[in-house]
Structures are given as structure tokens and as C-alpha cells.
Amino acid sequence: MDDKLQRMRERQKKRREALAKQLGVGSGDQLSSVLSTKSEQAEREARKRLNNKTQTTTQSKVAKTAGKKEVSKIDLDSEIEVYKDSSTFLKGTQSLNPHNDYCQNYVDTGQRPQNFIRDVGLAERFGEYPKLKDLIRLKDEMTRKSNIPPNYLHCDLNQFDLRNLGSKFDVILIEPPLEEYKKQAGLPLTGQETSWEDVMSLEIEEVSAQRSFVFLWCGSSDGLDYGRQCLKKWGFRRCEDICWIKTNFKKTNKLIDESLFVRTKEHCLMGIKGTVRRSTDGDFIHANVDIDLIIEEEGEPGSNEKPEEMFHVIEHFCLGRRRLHLFGRDTSIRPGWLTIGPQLTKSNFDRETYSSYFRITEENKTGFLSPCTDEIERLRPKTPPPRDKKVERGGATIRGGRGRGTGQRNDFSSGQPQSGRDQHVAGPTTPQFHDPRESSSGQYRGGRPHRGRKRERDVSHDRPWRDGPSQSMR
């Protein structure tokens with residue numbers, strides 16, 4: 001560590017000398033007089049006079065008491081070598097506090113800048129937003145009540161046919177043990193890693209429902225491109241990128257030798273299948289509840305463990321209860337999920353028992369969907385209705401949401417009420433629109449001026465309008 005610190009100091013000294021040469025300064029110690037602002041120069045001059053005065057007083061006292069010249073000399077060079085203030089290279093920051101420079105603090109201490117982000121946990125994140133805090137609490141309670149018992153199956157996904165599960169899934173979470181995790185940690189490959197060819201060969205399209213989502217962890221390098229190819233092959237459209245920012249509170253390792261950058265984030269691509277809209281599919285998704293950023297401590301080097309918060313994000317977002325977790329581990333077995341993978345050590349999955357959890361019965365009236373209360377519907381963020389939708393005064397306004405589970409939805413194209421996922425309670429079943437052009441009074445003159453040929457009223461025919469030359473030209 002001392003050799004590494006010495007090399008850093010030498011490179012630092014060379015950079016200062018090169019910068020002093022470019023700016024026409026005699027030495028690197030005089031850079032502060034060129035790069036600092038007037039207020040900083042005045043403050044530095046005051047400190048310098050105070051240090052000189054203190055140095056003179058200290059030298060006289062030591063010389064009188066000890067009589068040793070080597071003790072009376074203050075070693076200023078050693079103080080300059082320990083470089084803590086990076087304001088010299090941050091012109092215009094108006095700050096001499098090195099703690100505000102998180103990059104320099106990372107070089108000195110190994111603490112990553114994301115360690116200083118406040119209120120990142122689920123408990124304190126919504127402390128200043130009581131409405132969202134109550135919503136999260138109610139959704140967690142409803143999720144615990146509606147979750148099925150944990151199901152898990154040990155199998156080799158390279159040979160296992162996913163269609164043998166006998167069910168379609170609303171949410172599929174994929175956590176492949178990529179070779180990238182071992183290589184970045186400098187660990188040898190064990191043969192249990194999964195290549196992107198194996199991930200792409202998974203028949204996700206065979207077990208995904210008509211409306212479904214897939215969440216694919218793809219690392220932080222070329223996996224982003226391979227992940228998009230997988231989504232396209234499975235019939236999904238990429239709609240979101242959830243990023244995991246890794247903190248290192250527990251282990252603040254210094255910079256690795258011969259490395260300029262250290263990867264401290266990981267991506268999870270989210271794909272959507274079918275037509276799912278926030279404004280009309282309130283029975284299936286609740287959008288804008290969580291954020292697309294996870295800030296959590298990183299695991300051990302080469303580990304495949306992912307943040308537990310990812311499960312909370314999925315359960316808050318999608319109300320479908322048929323959840324599949326691929327490449328799971330014993331530590332990731334969770335109520336409400338079917339976990340399968342080669343790293344599991346036990347199995348309890350039964351095809352018929354699993355399918356029976358989602359049949360509509362007296363106790364389970366919502367089938368494979370999670371129930372929703374009126375309070376959750378009131379608190380959750382909703383998409384405002386489009387402005388171009390106009391209805392009759394006193395009639396119902398169409399907007400997203402569950403409609404509290406009863407009623408019918410209006411279809412303006414056919415004029416007939418239709419039952420559907422997004423149901424409506426209040427208002428007439430068929431909106432009545434009045435077309436002034438059908439009036440026989442002949443008082444309608446149109447709302448907008450027409451360019452080009454003139455339009456005239458022809459009352460002698462059944463057609464209310466006819467294009468043609470004006471009477472003066474006939």
C-alpha cells in the first residue's frame with residue numbers, strides 16, 4: 001500500500017509540474033496563485049502569514065528549550081506530499097473543502113460517491129411523501145395476503161422444457177450466472193456459468209402470458225446488447241432499464257492496480273409483451289409507484305446475488321400473481337414465486353397444485369390477479385384523462401383504473417356496452433352525441449372556414465353537403 005501511495009504521489013507531482021509549465025509558472029507550488037479566485041488567494045495569503053508567524057514562534061521556543069536545530073525545522077514538504085485538497089484542479093468550485101469532492105475522496109479512502117446518497121432504503125425513502133408511504137404499506141399487506149406458498153424446482157435449464165410447468169406467467173425474472181461476474185472479480189471460471197447463447201435459447205415465449213413482463217439482469221458491459229436481442233427473440237419490447245448502483249459500506253477497498261475505472265452498477269432490462277397501458281389496464285399494473293433505481297450494497301466478488309428490492313418493485317408494479325424466477329437459488333426462494341434453476345438443492349413443485357392456486361373460487365374471486373382495495377385505488381398514481389376526450393355534461397369521464405372492480409366499459413366505436421378488464425361504474429351505458437348537421441333547420445354553418453372550393457347547402461338532395469362551383473359561376 002505504501003508503494004502504491006508513493007507512485008500516486010509521484011504521478012501527482014509530475015502532473016502539477018506539467019500544468020505549471022503550460023501556464024508559465026515557475027513551479028507546481030505556485031499553481032494556486034494562477035488557478036485560484038481572488039477570495040481564495042486572499043484567504044491563502046492570510047493563512048500563509050499566520051503559518052509564518054507560528055513557525056517563527058515555534059522555532060524560537062524549540063531552540064531555547066531543546067537546542068536542536070533539526071527539531072525546530074517544520075517539514076513542509078511532507079505536508080505537501082499528502083495531497084488532500086483538490087481545489088487546485090477544480091477552478092471555479094468556490095470551495096476549499098475536500099469532502100465535497102467525492103471523486104478525490106474515493107481515491108483517498110475507497111468510499112464510492114453513492115455511499116453518501118441519503119434515504120435510499122425502502123423504510124426511509126418515502127418519509128417525506130406520506131401518501132406514497134401509505135400506498136406501499138397497503139400494497140405490501142395485500143401482497144402478503146394474496147401470495148401463494150413458495151414453490152421451487154431443481155432442474156437444468158439447458159435441458160428442461162419450460163412448457164412442462166403447465167402454466168402461463170405474468171412476470172418472469174431471469175438472473176443468469178454470467179461469466180462477466182467472475183471475470184470482473186478476477187476469479188477463475190467454474191463451468192457453472194451461463195453464456196448468452198444459453199440464455200437466448202430459453203423458450204420464454206412459450207410460458208409468457210398474453211399480457212406479461214420479463215426482467216432480465218444483463219450485467220454492465222456487452223450484456224446490454226445481448227439482452228435486447230433476447231427480448232426481441234422472445235417477442236418482448238424493451239420498455240425500461242432498472243439500474244442497480246452498488247455501494248461499498250462494508251468493504252472500502254482502494255483502487256485496483258493498473259485499473260482506471262471500476263464498474264459499480266448493473267442493469268436489468270424490462271420487456272413488455274402485449275398491449276398494456278397505464279390509463280386502461282389498472283387491473284394489471286400500478287405504475288409510478290417505485291423508481292427505476294436501486295441503491296444497495298454489492299455482494300461478494302463474483303456473486304450472483306441480486307437486491308431483494310427487485311422483488312418489491314415487481315410486486316408493486318404488476319398485479320399478476322403468476323410469477324416465475326429463473327436461475328434462482330435457495331436464498332431467493334420467496335412466497336408468491338415459482339423458483340427454478342440448477343443451483344437449488346430441493347424441490348416441492350407440483351403442476352396440478354400450482355395451477356389450482358389461480359382458479360376462480362369463492363375464496364379467490366380475482367383468479368390470477370391480486371385483489372385491490374378502494375384505499376389503494378385512491379392512493380395510487382394515475383394517468384390523467386386525455387384532453388381530447390369529450391363527453392356529455394354530467395356523463396362519465398373515462399380514465400384509467402380498476403373502476404373498483406364492477407360495472408361495464410363503454411365502447412364509443414360500436415355504441416354498445418362491453419365488459420372488459422377496465423370496467424366502469426357511473427354514467428350512461430351509451431353516450432348520446434348531438435350532430436348539428438343532421439338538423440333540418442339549416443342553421444349550421446360549420447365550425448372552421450374551408451379553403452379552396454366553397455361549400456354550399458343543398459337542401460334538394462338527401463346529402464347534407466355537396467362540393468361544387470358556386471351559383472355565380474354556373
# chains A, B, ... in the order shown; residues from 1 in each chain; ligands from 1

call {"tool": "residues_around", "arguments": {"residues": "Leu324 (chain A)", "least_positions_apart": "2", "cutoff": "7 Å", "atoms": "only C-alpha atoms", "output": "list in words"}}
result
Phe169, Val171, Ile172, Leu173, Arg322, Leu326, Trp337, Leu338 and Thr339 of chain A

call {"tool": "atom_distance", "arguments": {"atom1": "CA of Lys346 (chain A)", "atom2": "CA of Met142 (chain A)"}}
result
28.5 Å

call {"tool": "closest_residue", "arguments": {"among": "A:Gln104, A:Ser146, A:Thr345, A:Ser279", "to": "Ser370 (chain A)", "atoms": "only C-alpha atoms"}}
result
A:Ser146

call {"tool": "residues_around", "arguments": {"residues": "Lys168 (chain A)", "least_positions_apart": "4", "cutoff": "6 Å", "atoms": "only C-alpha atoms", "output": "list in words"}}
result
Val207, Ser208 and Ala209 of chain A

call {"tool": "write_last_selection", "arguments": {"atoms": "all heavy atoms", "output": "short mmCIF file (atom, residue, chain, number, x, y, z; two decimals), in the first residue's frame"}}
result
data_model
loop_
_atom_site.label_atom_id
_atom_site.label_comp_id
_atom_site.auth_asym_id
_atom_site.auth_seq_id
_atom_site.Cartn_x
_atom_site.Cartn_y
_atom_site.Cartn_z
N VAL A 207 -43.98 -19.68 -22.34
CA VAL A 207 -44.57 -19.68 -21.00
C VAL A 207 -45.01 -18.28 -20.57
O VAL A 207 -45.49 -18.10 -19.45
CB VAL A 207 -43.57 -20.24 -19.96
CG1 VAL A 207 -43.30 -21.69 -20.23
CG2 VAL A 207 -42.29 -19.43 -19.95
N SER A 208 -44.88 -17.30 -21.43
CA SER A 208 -45.31 -15.94 -21.09
C SER A 208 -46.76 -15.74 -21.51
O SER A 208 -47.19 -16.18 -22.58
CB SER A 208 -44.42 -14.90 -21.78
OG SER A 208 -44.42 -15.08 -23.19
N ALA A 209 -47.52 -15.07 -20.66
CA ALA A 209 -48.93 -14.83 -20.94
C ALA A 209 -49.09 -13.78 -22.02
O ALA A 209 -48.13 -13.16 -22.50
CB ALA A 209 -49.64 -14.40 -19.66
#

call {"tool": "select_by_dssp", "arguments": {"residues": "region 95-237 of chain A", "states": "helix (DSSP H, G or I)", "output": "ChimeraX atom specification"}}
result
/A:98-100,102-109,113-116,130-146,162-165,179-185,196-200,204-207,223-234

call {"tool": "residues_around", "arguments": {"residues": "region 135-140 of chain A", "least_positions_apart": "2", "cutoff": "12 Å", "atoms": "only C-alpha atoms", "output": "PyMOL selection string"}}
result
chain A and resi 122-127+129-133+142-147+286+288-290+311-319+370-381

call {"tool": "residues_around", "arguments": {"residues": "Tyr152 (chain A)", "least_positions_apart": "2", "cutoff": "7 Å", "atoms": "only C-alpha atoms", "output": "number ranges by chain"}}
result
A: 150, 154, 338-340, 347-349

call {"tool": "write_last_selection", "arguments": {"atoms": "C-alpha atoms", "output": "PDB file, in the first residue's frame"}}
result
ATOM      1  CA  PRO A 150     -43.224 -20.682  -2.155  1.00  0.00           C
ATOM      2  CA  HIS A 154     -34.305 -28.061  -9.116  1.00  0.00           C
ATOM      3  CA  LEU A 338     -42.046 -20.254  -8.548  1.00  0.00           C
ATOM      4  CA  THR A 339     -38.242 -20.509  -8.372  1.00  0.00           C
ATOM      5  CA  ILE A 340     -36.411 -22.922 -10.669  1.00  0.00           C
ATOM      6  CA  SER A 347     -37.920 -29.249  -4.935  1.00  0.00           C
ATOM      7  CA  ASN A 348     -41.605 -29.131  -3.979  1.00  0.00           C
ATOM      8  CA  PHE A 349     -43.252 -28.127  -7.278  1.00  0.00           C
TER       9      PHE A 349
END

call {"tool": "select_by_dssp", "arguments": {"residues": "region 294-337 of chain A", "states": "strand (DSSP E or B)", "output": "PDB file with N, CA and C atoms, in the first residue's frame"}}
result
ATOM      1  N   ILE A 294     -32.015   1.328  -7.953  1.00  0.00           N
ATOM      2  CA  ILE A 294     -31.806   0.577  -6.724  1.00  0.00           C
ATOM      3  C   ILE A 294     -30.409   0.876  -6.221  1.00  0.00           C
ATOM      4  N   ILE A 295     -30.294   1.388  -5.014  1.00  0.00           N
ATOM      5  CA  ILE A 295     -29.006   1.694  -4.395  1.00  0.00           C
ATOM      6  C   ILE A 295     -28.857   0.764  -3.199  1.00  0.00           C
ATOM      7  N   GLU A 296     -27.981  -0.213  -3.320  1.00  0.00           N
ATOM      8  CA  GLU A 296     -27.840  -1.243  -2.296  1.00  0.00           C
ATOM      9  C   GLU A 296     -26.419  -1.776  -2.301  1.00  0.00           C
ATOM     10  N   GLU A 297     -26.026  -2.367  -1.183  1.00  0.00           N
ATOM     11  CA  GLU A 297     -24.669  -2.889  -1.019  1.00  0.00           C
ATOM     12  C   GLU A 297     -24.407  -4.020  -1.998  1.00  0.00           C
ATOM     13  N   CYS A 318     -46.770  -4.996 -10.950  1.00  0.00           N
ATOM     14  CA  CYS A 318     -47.668  -5.917 -11.664  1.00  0.00           C
ATOM     15  C   CYS A 318     -48.544  -6.657 -10.670  1.00  0.00           C
ATOM     16  N   GLY A 320     -50.360  -9.279 -11.486  1.00  0.00           N
ATOM     17  CA  GLY A 320     -50.438 -10.694 -11.826  1.00  0.00           C
ATOM     18  C   GLY A 320     -49.692 -11.539 -10.802  1.00  0.00           C
ATOM     19  N   ARG A 323     -45.855 -15.660 -11.008  1.00  0.00           N
ATOM     20  CA  ARG A 323     -44.506 -15.112 -11.079  1.00  0.00           C
ATOM     21  C   ARG A 323     -43.497 -16.258 -11.159  1.00  0.00           C
ATOM     22  N   LEU A 324     -42.584 -16.153 -12.132  1.00  0.00           N
ATOM     23  CA  LEU A 324     -41.569 -17.183 -12.372  1.00  0.00           C
ATOM     24  C   LEU A 324     -40.186 -16.570 -12.209  1.00  0.00           C
ATOM     25  N   HIS A 325     -39.330 -17.262 -11.455  1.00  0.00           N
ATOM     26  CA  HIS A 325     -37.952 -16.814 -11.217  1.00  0.00           C
ATOM     27  C   HIS A 325     -37.008 -17.875 -11.748  1.00  0.00           C
ATOM     28  N   LEU A 326     -36.259 -17.533 -12.808  1.00  0.00           N
ATOM     29  CA  LEU A 326     -35.307 -18.448 -13.424  1.00  0.00           C
ATOM     30  C   LEU A 326     -33.906 -18.204 -12.880  1.00  0.00           C
ATOM     31  N   TRP A 337     -43.792 -16.841  -5.541  1.00  0.00           N
ATOM     32  CA  TRP A 337     -42.940 -17.064  -6.707  1.00  0.00           C
ATOM     33  C   TRP A 337     -42.699 -18.555  -6.898  1.00  0.00           C
TER      34      TRP A 337
END

call {"tool": "closest_residue", "arguments": {"among": "A:Glu352, A:Ile291, A:Arg9, A:Arg47", "to": "Asn164 (chain A)", "atoms": "only C-alpha atoms"}}
result
A:Glu352

call {"tool": "atom_distance", "arguments": {"atom1": "CA of Ser303 (chain A)", "atom2": "CA of Gly235 (chain A)"}}
result
29.7 Å

call {"tool": "residues_around", "arguments": {"residues": "Val276 (chain A)", "least_positions_apart": "2", "cutoff": "12 Å", "atoms": "only C-alpha atoms", "output": "PyMOL selection string"}}
result
chain A and resi 170+210-213+237+239+271-274+278-287+318+400+421-422

call {"tool": "write_last_selection", "arguments": {"atoms": "N, CA and C atoms", "output": "short mmCIF file (atom, residue, chain, number, x, y, z; two decimals), in the first residue's frame"}}
result
data_model
loop_
_atom_site.label_atom_id
_atom_site.label_comp_id
_atom_site.auth_asym_id
_atom_site.auth_seq_id
_atom_site.Cartn_x
_atom_site.Cartn_y
_atom_site.Cartn_z
N ASP A 170 -47.27 -14.18 -15.69
CA ASP A 170 -47.42 -12.74 -15.89
C ASP A 170 -46.10 -12.00 -15.74
N GLN A 210 -50.35 -13.57 -22.44
CA GLN A 210 -50.62 -12.59 -23.49
C GLN A 210 -50.22 -11.19 -23.04
N ARG A 211 -50.51 -10.86 -21.80
CA ARG A 211 -50.00 -9.64 -21.19
C ARG A 211 -48.98 -10.05 -20.13
N SER A 212 -47.73 -9.74 -20.34
CA SER A 212 -46.70 -10.20 -19.41
C SER A 212 -45.49 -9.28 -19.49
N PHE A 213 -44.62 -9.45 -18.49
CA PHE A 213 -43.39 -8.67 -18.39
C PHE A 213 -42.24 -9.63 -18.09
N ARG A 237 -40.86 -6.18 -26.00
CA ARG A 237 -40.34 -4.86 -26.34
C ARG A 237 -39.71 -4.25 -25.10
N CYS A 239 -38.94 -1.69 -22.48
CA CYS A 239 -39.68 -0.50 -22.06
C CYS A 239 -39.03 0.20 -20.88
N GLY A 271 -38.87 -5.93 -20.25
CA GLY A 271 -39.58 -6.07 -21.52
C GLY A 271 -41.06 -6.25 -21.29
N ILE A 272 -41.85 -5.82 -22.26
CA ILE A 272 -43.31 -5.88 -22.18
C ILE A 272 -43.83 -6.65 -23.39
N LYS A 273 -44.84 -7.47 -23.16
CA LYS A 273 -45.47 -8.24 -24.22
C LYS A 273 -46.96 -7.95 -24.22
N GLY A 274 -47.51 -7.75 -25.39
CA GLY A 274 -48.93 -7.43 -25.50
C GLY A 274 -49.17 -5.94 -25.37
N ARG A 278 -51.11 2.28 -19.05
CA ARG A 278 -51.34 2.74 -17.69
C ARG A 278 -52.74 3.27 -17.49
N SER A 279 -53.31 3.87 -18.54
CA SER A 279 -54.60 4.54 -18.40
C SER A 279 -55.78 3.58 -18.44
N THR A 280 -55.60 2.39 -19.02
CA THR A 280 -56.73 1.49 -19.21
C THR A 280 -56.57 0.13 -18.54
N ASP A 281 -55.36 -0.22 -18.15
CA ASP A 281 -55.10 -1.54 -17.58
C ASP A 281 -54.75 -1.43 -16.10
N GLY A 282 -55.57 -0.70 -15.37
CA GLY A 282 -55.34 -0.55 -13.94
C GLY A 282 -55.58 -1.81 -13.15
N ASP A 283 -56.20 -2.82 -13.75
CA ASP A 283 -56.37 -4.09 -13.05
C ASP A 283 -55.12 -4.95 -13.09
N PHE A 284 -54.16 -4.62 -13.98
CA PHE A 284 -52.97 -5.44 -14.19
C PHE A 284 -51.68 -4.76 -13.74
N ILE A 285 -51.60 -3.45 -13.86
CA ILE A 285 -50.38 -2.73 -13.46
C ILE A 285 -50.77 -1.51 -12.63
N HIS A 286 -49.89 -1.16 -11.72
CA HIS A 286 -49.94 0.09 -10.98
C HIS A 286 -48.61 0.80 -11.20
N ALA A 287 -48.60 1.75 -12.11
CA ALA A 287 -47.35 2.41 -12.50
C ALA A 287 -47.03 3.56 -11.55
N CYS A 318 -46.77 -5.00 -10.95
CA CYS A 318 -47.67 -5.92 -11.66
C CYS A 318 -48.54 -6.66 -10.67
N GLY A 400 -58.09 5.87 -16.42
CA GLY A 400 -57.52 4.57 -16.07
C GLY A 400 -57.92 4.14 -14.69
N ARG A 421 -61.46 -5.74 -18.93
CA ARG A 421 -60.61 -5.67 -17.76
C ARG A 421 -60.77 -4.34 -17.07
N ASP A 422 -60.87 -3.26 -17.84
CA ASP A 422 -61.02 -1.94 -17.25
C ASP A 422 -62.50 -1.61 -17.25
#

call {"tool": "closest_residue", "arguments": {"among": "A:Gln114, A:Asn105, A:Ser332, A:Thr264", "to": "Glu298 (chain A)", "atoms": "only C-alpha atoms"}}
result
A:Thr264

call {"tool": "closest_residue", "arguments": {"among": "A:Gly336, A:Pro188, A:Gly328, A:Pro307", "to": "Pro149 (chain A)", "atoms": "only C-alpha atoms"}}
result
A:Gly336

call {"tool": "atom_distance", "arguments": {"atom1": "CA of Leu162 (chain A)", "atom2": "CA of Glu203 (chain A)"}}
result
6.8 Å

call {"tool": "residues_around", "arguments": {"residues": "Gln184 (chain A)", "least_positions_apart": "2", "cutoff": "10 Å", "atoms": "only C-alpha atoms", "output": "PDB file with all heavy atoms, in the first residue's frame"}}
result
ATOM      1  N   GLU A 179     -20.693 -15.135 -17.095  1.00  0.00           N
ATOM      2  CA  GLU A 179     -19.238 -15.196 -16.950  1.00  0.00           C
ATOM      3  C   GLU A 179     -18.668 -13.832 -16.592  1.00  0.00           C
ATOM      4  O   GLU A 179     -17.572 -13.759 -16.013  1.00  0.00           O
ATOM      5  CB  GLU A 179     -18.622 -15.692 -18.260  1.00  0.00           C
ATOM      6  CG  GLU A 179     -19.068 -17.092 -18.668  1.00  0.00           C
ATOM      7  CD  GLU A 179     -18.483 -17.505 -20.003  1.00  0.00           C
ATOM      8  OE1 GLU A 179     -17.817 -16.655 -20.637  1.00  0.00           O
ATOM      9  OE2 GLU A 179     -18.693 -18.670 -20.405  1.00  0.00           O
ATOM     10  N   GLU A 180     -19.375 -12.795 -16.898  1.00  0.00           N
ATOM     11  CA  GLU A 180     -18.896 -11.444 -16.633  1.00  0.00           C
ATOM     12  C   GLU A 180     -18.630 -11.218 -15.156  1.00  0.00           C
ATOM     13  O   GLU A 180     -17.671 -10.529 -14.781  1.00  0.00           O
ATOM     14  CB  GLU A 180     -19.936 -10.439 -17.145  1.00  0.00           C
ATOM     15  CG  GLU A 180     -19.652  -8.993 -16.788  1.00  0.00           C
ATOM     16  CD  GLU A 180     -20.779  -8.083 -17.194  1.00  0.00           C
ATOM     17  OE1 GLU A 180     -21.533  -8.458 -18.104  1.00  0.00           O
ATOM     18  OE2 GLU A 180     -20.914  -6.998 -16.600  1.00  0.00           O
ATOM     19  N   TYR A 181     -19.453 -11.785 -14.280  1.00  0.00           N
ATOM     20  CA  TYR A 181     -19.283 -11.570 -12.844  1.00  0.00           C
ATOM     21  C   TYR A 181     -17.955 -12.145 -12.348  1.00  0.00           C
ATOM     22  O   TYR A 181     -17.285 -11.538 -11.501  1.00  0.00           O
ATOM     23  CB  TYR A 181     -20.445 -12.202 -12.087  1.00  0.00           C
ATOM     24  CG  TYR A 181     -21.802 -11.706 -12.531  1.00  0.00           C
ATOM     25  CD1 TYR A 181     -22.890 -12.573 -12.618  1.00  0.00           C
ATOM     26  CD2 TYR A 181     -22.007 -10.378 -12.885  1.00  0.00           C
ATOM     27  CE1 TYR A 181     -24.141 -12.125 -13.020  1.00  0.00           C
ATOM     28  CE2 TYR A 181     -23.237  -9.923 -13.295  1.00  0.00           C
ATOM     29  CZ  TYR A 181     -24.303 -10.800 -13.365  1.00  0.00           C
ATOM     30  OH  TYR A 181     -25.533 -10.340 -13.780  1.00  0.00           O
ATOM     31  N   LYS A 182     -17.574 -13.308 -12.841  1.00  0.00           N
ATOM     32  CA  LYS A 182     -16.309 -13.915 -12.438  1.00  0.00           C
ATOM     33  C   LYS A 182     -15.110 -13.165 -13.019  1.00  0.00           C
ATOM     34  O   LYS A 182     -14.102 -12.943 -12.335  1.00  0.00           O
ATOM     35  CB  LYS A 182     -16.269 -15.380 -12.894  1.00  0.00           C
ATOM     36  CG  LYS A 182     -17.357 -16.267 -12.303  1.00  0.00           C
ATOM     37  CD  LYS A 182     -17.122 -16.515 -10.825  1.00  0.00           C
ATOM     38  CE  LYS A 182     -18.145 -17.517 -10.294  1.00  0.00           C
ATOM     39  NZ  LYS A 182     -17.959 -17.798  -8.859  1.00  0.00           N
ATOM     40  N   GLY A 186     -11.921 -11.134 -11.178  1.00  0.00           N
ATOM     41  CA  GLY A 186     -10.625 -11.789 -11.296  1.00  0.00           C
ATOM     42  C   GLY A 186     -10.621 -13.213 -10.795  1.00  0.00           C
ATOM     43  O   GLY A 186      -9.573 -13.721 -10.382  1.00  0.00           O
ATOM     44  N   LEU A 187     -11.784 -13.886 -10.835  1.00  0.00           N
ATOM     45  CA  LEU A 187     -11.891 -15.251 -10.346  1.00  0.00           C
ATOM     46  C   LEU A 187     -11.937 -16.231 -11.520  1.00  0.00           C
ATOM     47  O   LEU A 187     -12.432 -15.897 -12.599  1.00  0.00           O
ATOM     48  CB  LEU A 187     -13.155 -15.419  -9.498  1.00  0.00           C
ATOM     49  CG  LEU A 187     -13.247 -14.514  -8.255  1.00  0.00           C
ATOM     50  CD1 LEU A 187     -14.589 -14.722  -7.564  1.00  0.00           C
ATOM     51  CD2 LEU A 187     -12.105 -14.803  -7.295  1.00  0.00           C
ATOM     52  N   VAL A 262     -13.691   1.351 -12.171  1.00  0.00           N
ATOM     53  CA  VAL A 262     -14.260   0.183 -11.504  1.00  0.00           C
ATOM     54  C   VAL A 262     -15.765   0.198 -11.747  1.00  0.00           C
ATOM     55  O   VAL A 262     -16.420   1.223 -11.512  1.00  0.00           O
ATOM     56  CB  VAL A 262     -13.961   0.196  -9.993  1.00  0.00           C
ATOM     57  CG1 VAL A 262     -14.617  -0.993  -9.311  1.00  0.00           C
ATOM     58  CG2 VAL A 262     -12.464   0.184  -9.745  1.00  0.00           C
ATOM     59  N   ARG A 263     -16.330  -0.895 -12.231  1.00  0.00           N
ATOM     60  CA  ARG A 263     -17.763  -0.965 -12.518  1.00  0.00           C
ATOM     61  C   ARG A 263     -18.530  -1.069 -11.205  1.00  0.00           C
ATOM     62  O   ARG A 263     -18.326  -2.002 -10.427  1.00  0.00           O
ATOM     63  CB  ARG A 263     -18.081  -2.153 -13.419  1.00  0.00           C
ATOM     64  CG  ARG A 263     -17.391  -2.082 -14.784  1.00  0.00           C
ATOM     65  CD  ARG A 263     -17.832  -3.225 -15.674  1.00  0.00           C
ATOM     66  NE  ARG A 263     -17.113  -3.234 -16.923  1.00  0.00           N
ATOM     67  CZ  ARG A 263     -17.460  -2.549 -18.007  1.00  0.00           C
ATOM     68  NH1 ARG A 263     -18.546  -1.788 -17.958  1.00  0.00           N
ATOM     69  NH2 ARG A 263     -16.751  -2.597 -19.118  1.00  0.00           N
ATOM     70  N   PRO A 301     -17.335 -10.728  -4.211  1.00  0.00           N
ATOM     71  CA  PRO A 301     -16.786 -10.763  -5.575  1.00  0.00           C
ATOM     72  C   PRO A 301     -17.193 -12.037  -6.310  1.00  0.00           C
ATOM     73  O   PRO A 301     -17.042 -13.145  -5.795  1.00  0.00           O
ATOM     74  CB  PRO A 301     -15.269 -10.695  -5.346  1.00  0.00           C
ATOM     75  CG  PRO A 301     -15.113 -10.026  -4.018  1.00  0.00           C
ATOM     76  CD  PRO A 301     -16.284 -10.477  -3.207  1.00  0.00           C
ATOM     77  N   GLY A 302     -17.753 -11.862  -7.508  1.00  0.00           N
ATOM     78  CA  GLY A 302     -18.195 -12.990  -8.312  1.00  0.00           C
ATOM     79  C   GLY A 302     -19.540 -13.558  -7.917  1.00  0.00           C
ATOM     80  O   GLY A 302     -19.953 -14.578  -8.471  1.00  0.00           O
TER      81      GLY A 302
END
